[in-house]
Structures are given as structure tokens and as C-alpha cells.
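K.L.:
Below is the file upload.pdb, which contains PDB, C-alpha atoms, pLDDT in the B column.
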```
ATOM      1  CA  MET A 597       0.000   0.000   0.000  1.00 74.00           C
ATOM      2  CA  MET A 598       1.425   3.342  -1.086  1.00 82.00           C
ATOM      3  CA  VAL A 599       0.001   6.294   0.865  1.00 88.00           C
ATOM      4  CA  PRO A 600       0.100   9.615  -0.992  1.00 88.00           C
ATOM      5  CA  ASP A 601       1.490  12.709   0.762  1.00 91.00           C
ATOM      6  CA  ARG A 602      -1.285  14.837  -0.664  1.00 92.00           C
ATOM      7  CA  VAL A 603      -4.592  14.478  -2.502  1.00 93.00           C
ATOM      8  CA  GLU A 604      -6.363  16.956  -4.728  1.00 93.00           C
ATOM      9  CA  ILE A 605      -9.188  19.019  -3.258  1.00 93.00           C
ATOM     10  CA  ASP A 606     -11.771  19.818  -5.930  1.00 90.00           C
ATOM     11  CA  ALA A 607     -13.831  22.985  -6.370  1.00 91.00           C
ATOM     12  CA  THR A 608     -16.577  21.651  -4.079  1.00 89.00           C
ATOM     13  CA  GLY A 609     -14.086  20.879  -1.311  1.00 87.00           C
ATOM     14  CA  ASP A 610     -14.090  17.088  -1.743  1.00 85.00           C
ATOM     15  CA  ALA A 611     -10.937  14.981  -1.684  1.00 88.00           C
ATOM     16  CA  VAL A 612     -10.115  13.459  -5.072  1.00 89.00           C
ATOM     17  CA  LEU A 613      -7.762  10.539  -5.677  1.00 91.00           C
ATOM     18  CA  SER A 614      -6.420   9.596  -9.081  1.00 92.00           C
ATOM     19  CA  ALA A 615      -7.135   6.046 -10.253  1.00 94.00           C
ATOM     20  CA  ASP A 616      -3.428   5.273  -9.777  1.00 94.00           C
ATOM     21  CA  GLN A 617      -3.522   6.504  -6.165  1.00 94.00           C
ATOM     22  CA  ALA A 618      -6.692   4.549  -5.391  1.00 94.00           C
ATOM     23  CA  ALA A 619      -5.379   1.332  -6.955  1.00 95.00           C
ATOM     24  CA  SER A 620      -2.144   1.633  -4.987  1.00 94.00           C
ATOM     25  CA  LEU A 621      -3.987   2.250  -1.714  1.00 94.00           C
ATOM     26  CA  LEU A 622      -6.132  -0.815  -2.314  1.00 95.00           C
ATOM     27  CA  GLY A 623      -3.114  -2.921  -3.300  1.00 94.00           C
ATOM     28  CA  VAL A 624      -4.252  -3.834  -6.808  1.00 96.00           C
ATOM     29  CA  SER A 625      -3.065  -3.089 -10.324  1.00 96.00           C
ATOM     30  CA  LEU A 626      -4.594  -0.177 -12.202  1.00 96.00           C
ATOM     31  CA  PRO A 627      -6.374  -2.449 -14.746  1.00 98.00           C
ATOM     32  CA  THR A 628      -7.868  -4.528 -11.910  1.00 97.00           C
ATOM     33  CA  PHE A 629      -8.989  -1.382 -10.089  1.00 96.00           C
ATOM     34  CA  LEU A 630     -10.610   0.063 -13.219  1.00 97.00           C
ATOM     35  CA  ALA A 631     -12.414  -3.223 -13.998  1.00 97.00           C
ATOM     36  CA  ASP A 632     -13.705  -3.416 -10.420  1.00 97.00           C
ATOM     37  CA  LEU A 633     -14.760   0.235 -10.539  1.00 95.00           C
ATOM     38  CA  ARG A 634     -16.750  -0.417 -13.728  1.00 96.00           C
ATOM     39  CA  ALA A 635     -18.285  -3.513 -12.107  1.00 97.00           C
ATOM     40  CA  GLY A 636     -19.472  -1.389  -9.184  1.00 96.00           C
ATOM     41  CA  ILE A 637     -17.469  -3.113  -6.458  1.00 96.00           C
ATOM     42  CA  VAL A 638     -15.317  -0.104  -5.530  1.00 96.00           C
ATOM     43  CA  TYR A 639     -16.933   2.440  -3.227  1.00 93.00           C
ATOM     44  CA  SER A 640     -15.753   5.717  -1.763  1.00 93.00           C
ATOM     45  CA  VAL A 641     -17.109   8.072   0.865  1.00 93.00           C
ATOM     46  CA  VAL A 642     -15.871  11.533   1.860  1.00 92.00           C
ATOM     47  CA  GLU A 643     -16.843  12.797   5.309  1.00 94.00           C
ATOM     48  CA  ARG A 644     -16.270  16.321   6.614  1.00 94.00           C
ATOM     49  CA  GLY A 645     -14.917  16.669  10.131  1.00 94.00           C
ATOM     50  CA  GLU A 646     -17.016  18.449  12.748  1.00 95.00           C
ATOM     51  CA  GLY A 647     -16.192  19.865  16.156  1.00 96.00           C
ATOM     52  CA  ALA A 648     -12.643  18.904  17.124  1.00 94.00           C
ATOM     53  CA  ASP A 649     -12.181  17.400  13.627  1.00 94.00           C
ATOM     54  CA  ALA A 650     -13.314  20.524  11.749  1.00 95.00           C
ATOM     55  CA  GLY A 651     -11.027  21.328   8.838  1.00 95.00           C
ATOM     56  CA  THR A 652     -10.400  17.693   7.970  1.00 96.00           C
ATOM     57  CA  LEU A 653     -11.847  15.224   5.496  1.00 95.00           C
ATOM     58  CA  ARG A 654     -11.951  11.463   5.912  1.00 95.00           C
ATOM     59  CA  LEU A 655     -11.832   9.550   2.638  1.00 94.00           C
ATOM     60  CA  THR A 656     -12.800   5.870   2.810  1.00 96.00           C
ATOM     61  CA  LEU A 657     -12.197   3.457  -0.086  1.00 95.00           C
ATOM     62  CA  ARG A 658     -13.716  -0.021  -0.150  1.00 96.00           C
ATOM     63  CA  ARG A 659     -13.080  -2.866  -2.584  1.00 96.00           C
ATOM     64  CA  ARG A 660     -14.273  -6.368  -1.782  1.00 92.00           C
ATOM     65  CA  GLY A 661     -12.886  -7.113   1.724  1.00 91.00           C
ATOM     66  CA  THR A 662     -10.374  -4.254   1.703  1.00 94.00           C
ATOM     67  CA  GLU A 663     -10.994  -0.870   3.303  1.00 96.00           C
ATOM     68  CA  ARG A 664      -8.562   2.051   3.469  1.00 96.00           C
ATOM     69  CA  ARG A 665      -9.017   5.459   5.085  1.00 95.00           C
ATOM     70  CA  LEU A 666      -7.157   8.717   4.649  1.00 96.00           C
ATOM     71  CA  VAL A 667      -7.610  11.779   6.825  1.00 96.00           C
ATOM     72  CA  VAL A 668      -6.583  14.962   5.039  1.00 96.00           C
ATOM     73  CA  GLU A 669      -6.480  18.679   5.756  1.00 96.00           C
ATOM     74  CA  ALA A 670      -9.472  20.121   3.937  1.00 95.00           C
ATOM     75  CA  ALA A 671      -7.662  23.332   2.957  1.00 93.00           C
ATOM     76  CA  THR A 672      -4.490  21.780   1.534  1.00 94.00           C
ATOM     77  CA  GLY A 673      -5.138  18.110   0.801  1.00 94.00           C
ATOM     78  CA  ARG A 674      -2.150  17.085   2.943  1.00 96.00           C
ATOM     79  CA  VAL A 675      -2.586  13.532   4.228  1.00 96.00           C
ATOM     80  CA  ILE A 676      -2.346  13.574   8.031  1.00 95.00           C
ATOM     81  CA  ALA A 677      -3.332   9.954   8.790  1.00 94.00           C
ATOM     82  CA  ALA A 678      -3.817   6.679   6.955  1.00 92.00           C
ATOM     83  CA  GLU A 679      -5.563   3.538   8.166  1.00 85.00           C
TER      84      GLU A 679
END
```
As C-alpha cells, how would this structure be written, given the file I've shared?
P.N.:
Amino acid sequence: MMVPDRVEIDATGDAVLSADQAASLLGVSLPTFLADLRAGIVYSVVERGEGADAGTLRLTLRRRGTERRLVVEAATGRVIAAE
């Protein structure tokens, strides 16, 4: 698993991973990731921190039995934790 130092923050304030970044986080090849994405077995959720976690985003990726989470600074996209 390769954890990026930073992720893109789009115009709406959501965290955006490239397909390469997502495949690496999930530990699969890019072609496998893309096939699974097309098949609908890759899911992602972005949650905005509240209270003590304000200013952060938690990005969760799921593929089959694998789940990875990144916590990033909402303003910069800097990854501050990975699970």
C-alpha cells in the first residue's frame, strides 16, 4: 500500500484521488482497479470533520474485503493519517 502525501481538493471541497492513487492504496493493479470500478465493487465516501475534527476530510475506499481510510487537511489536501 502506497500512501500519498497529498490528494487533490476539488472545487466543491471534496478529496479526489487519481485512479493510480486509489489502486495503490487498495493494493491492486490499475487495470484490476478500473475493472472493479466499472463492475461497481469499488466504493468511496468523503466525510467532513465536525467539532474537534473541523477542517479535515476522511476519505474511505472499499473494494471487496479491503478498506482504506485517509484523513486529510481540507484546505491543503495534505494527508495527516492513513488507516
K.L.:
What residues have an atom no more than 12 Å from (-9.0, 15.8, 5.3) in the file's own frame, counting only C-alpha atoms, and can you write them as a ChimeraX atom specification?
P.N.:
/A:601-605,609-612,642-646,649-656,665-678
K.L.:
For the structure shown, which residues end up in the PyMOL selection byres ((chain A and resi 619) around 12)? Put them as number ranges by chain, please?
P.N.:
A: 597-600, 613-618, 620-633, 638, 657-659, 662-664
K.L.:
Please give the centre and size of the box around stretch 600-603 of chain A (axis-aligned, containing every atom listed in the file, 5 Å added per side), with values in Å to one decimal and written as AutoDock Vina command-line options.
P.N.:
```
--center_x -1.6 --center_y 12.2 --center_z -0.9 --size_x 16.1 --size_y 15.2 --size_z 13.3
```
K.L.:
Using only C-alpha atoms, which residue out of A:Thr608, A:Ala635, A:Val641, A:Glu679 lies closest to A:Arg660?
P.N.:
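Among A:Thr608, A:Ala635, A:Val641, A:Glu679, it is A:Ala635 that comes nearest to A:Arg660.
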